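Let me begin by presenting the structure, written as structure tokens, before commenting on it.
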Amino acid sequence: MTMANDVAKQLESMIADALKETGAQASMSAKDMAVEVQASAARLSGAVGQAGYDEALRAERDTLALKAGLKLVTAADAADARVVGIVQGAIGILVAAL
Amino acid sequence: MRSRFHGRANAAVVLALLAACSGISARQHAQLPTMRLAWSALAAEVETGVVVDSAAGKLDAAGAALVRAASAGMTQALNAGDPAGIAAQPWSLLKASATAGIEADFASKKVGPGVVPSLKARVDAFEAALSKFLERT
């Protein structure tokens, strides 16, 4: 297994666990979400150290939540917020690794 | 006896229809908080686009007023969860101004070149979510 495949599998498993644990509803499978997280990280890797990096990270979080059909970060949507938090953390980790 | 049966059957059908409608409504509105959050960032990009395009003479006063009214209308409709209000806003104008705003932020070095693809991806994702939302309406 290549390292990229390994990372994708780990991400998929992490997202699947988060969805299962929290009961959050996503319109996208954990596998597709993992693919999107990797695409987000690839885009963000070009923004590291540049002006507006934090806004780019927020934009990637919003993009993923919009694509996955998540309800996002409000107190009433704690389960979705947790999934989004995990996804945002994963994007950050991947960017650092790229 | 028969009419009582029909009455119960009709009531059951009405209840099933109501349940189905509430399910559709719940699905329609599930994504609104995400769309609201993304829109708050997009609205700022739209405003930047209006200011820059007006200064460059690409947008006259009437055009600028139209885009600003559409942006305010989108904010209001998203906050109210009003599908008709959301559908009534001219998305193509809003998207053009948001894109112009992102490019202006890049030109003024407010954001770096590597940030632009992420900001544009959010505009595209909002457009796709908007389209799905309106399809279900």
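Every chain in the structure tokens takes a letter, A first, then B, and so on in the order presented; its residues are numbered from 1, and the ligands are numbered from 1 following the presented order.
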Define the interface residues of chain A facing chain B as those within 7 Å, counting only C-alpha atoms, and report them as a CSV table (one decimal) with C-alpha atoms, in the first residue's frame.
```csv
chain,number,residue,atom,x,y,z
A,43,ARG,CA,-5.2,23.3,-2.2
A,44,LEU,CA,-4.2,24.6,1.3
A,46,GLY,CA,-0.1,26.2,-1.6
A,47,ALA,CA,-1.3,28.8,0.9
A,50,GLN,CA,0.8,33.4,2.9
A,51,ALA,CA,-1.5,36.3,3.8
A,52,GLY,CA,-5.0,35.1,4.4
A,53,TYR,CA,-4.1,31.5,5.3
A,56,ALA,CA,-8.3,29.8,3.4
A,59,ALA,CA,-13.0,28.4,3.4
A,60,GLU,CA,-11.9,24.8,3.1
A,62,ASP,CA,-17.0,25.6,4.8
A,63,THR,CA,-16.5,24.0,1.4
A,65,ALA,CA,-19.3,21.1,5.1
A,66,LEU,CA,-21.4,22.4,2.2
A,67,LYS,CA,-20.4,19.4,0.0
A,69,GLY,CA,-24.3,18.4,3.7
A,70,LEU,CA,-23.3,18.9,7.3
A,71,LYS,CA,-25.2,21.4,9.4
A,72,LEU,CA,-22.1,22.9,11.0
```
Give me the residues near region 59-68 of chain B as a VMD selection string, where near means some atom within 12 Å (using only C-alpha atoms) and where sequence neighbours in that chain fewer than 6 positions away do not count. chain B and resid 43 to 53 74 to 75 89 to 98 100
Could you please take those selected residues and save C-alpha atoms as a PDB file, in the first residue's frame?
```pdb
ATOM      1  CA  ALA B  43     -21.234  38.605   1.418  1.00  0.00           C
ATOM      2  CA  ALA B  44     -17.997  40.370   2.423  1.00  0.00           C
ATOM      3  CA  GLU B  45     -16.399  39.255  -0.864  1.00  0.00           C
ATOM      4  CA  VAL B  46     -19.457  40.501  -2.789  1.00  0.00           C
ATOM      5  CA  GLU B  47     -19.168  43.941  -1.117  1.00  0.00           C
ATOM      6  CA  THR B  48     -15.455  44.149  -1.950  1.00  0.00           C
ATOM      7  CA  GLY B  49     -16.304  43.239  -5.556  1.00  0.00           C
ATOM      8  CA  VAL B  50     -18.966  45.957  -5.751  1.00  0.00           C
ATOM      9  CA  VAL B  51     -16.586  48.615  -4.371  1.00  0.00           C
ATOM     10  CA  VAL B  52     -13.751  47.619  -6.735  1.00  0.00           C
ATOM     11  CA  ASP B  53     -15.931  47.216  -9.846  1.00  0.00           C
ATOM     12  CA  MET B  74     -29.822  36.718   0.352  1.00  0.00           C
ATOM     13  CA  THR B  75     -28.722  37.423   3.947  1.00  0.00           C
ATOM     14  CA  GLN B  89     -31.850  36.607  -5.612  1.00  0.00           C
ATOM     15  CA  PRO B  90     -29.819  36.861  -8.845  1.00  0.00           C
ATOM     16  CA  TRP B  91     -27.032  34.411  -7.968  1.00  0.00           C
ATOM     17  CA  SER B  92     -25.050  35.030 -11.172  1.00  0.00           C
ATOM     18  CA  LEU B  93     -24.607  38.714 -10.210  1.00  0.00           C
ATOM     19  CA  LEU B  94     -23.635  37.796  -6.645  1.00  0.00           C
ATOM     20  CA  LYS B  95     -21.140  35.195  -7.862  1.00  0.00           C
ATOM     21  CA  ALA B  96     -19.565  37.657 -10.316  1.00  0.00           C
ATOM     22  CA  SER B  97     -19.106  40.240  -7.537  1.00  0.00           C
ATOM     23  CA  ALA B  98     -17.764  37.651  -5.048  1.00  0.00           C
ATOM     24  CA  ALA B 100     -14.262  40.101  -8.388  1.00  0.00           C
TER      25      ALA B 100
END
```
Could you state the separation of CA of Leu134 (chain B) and CA of Gly81 (chain B) in Å, given to one decimal place? 11.9 Å
If I take CA of Ser71 (chain B) and CA of Ile86 (chain B), how far is one from the other in Å, to one decimal?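 Computed distance, CA of Ser71 (chain B) to CA of Ile86 (chain B), equals 10.2 Å.
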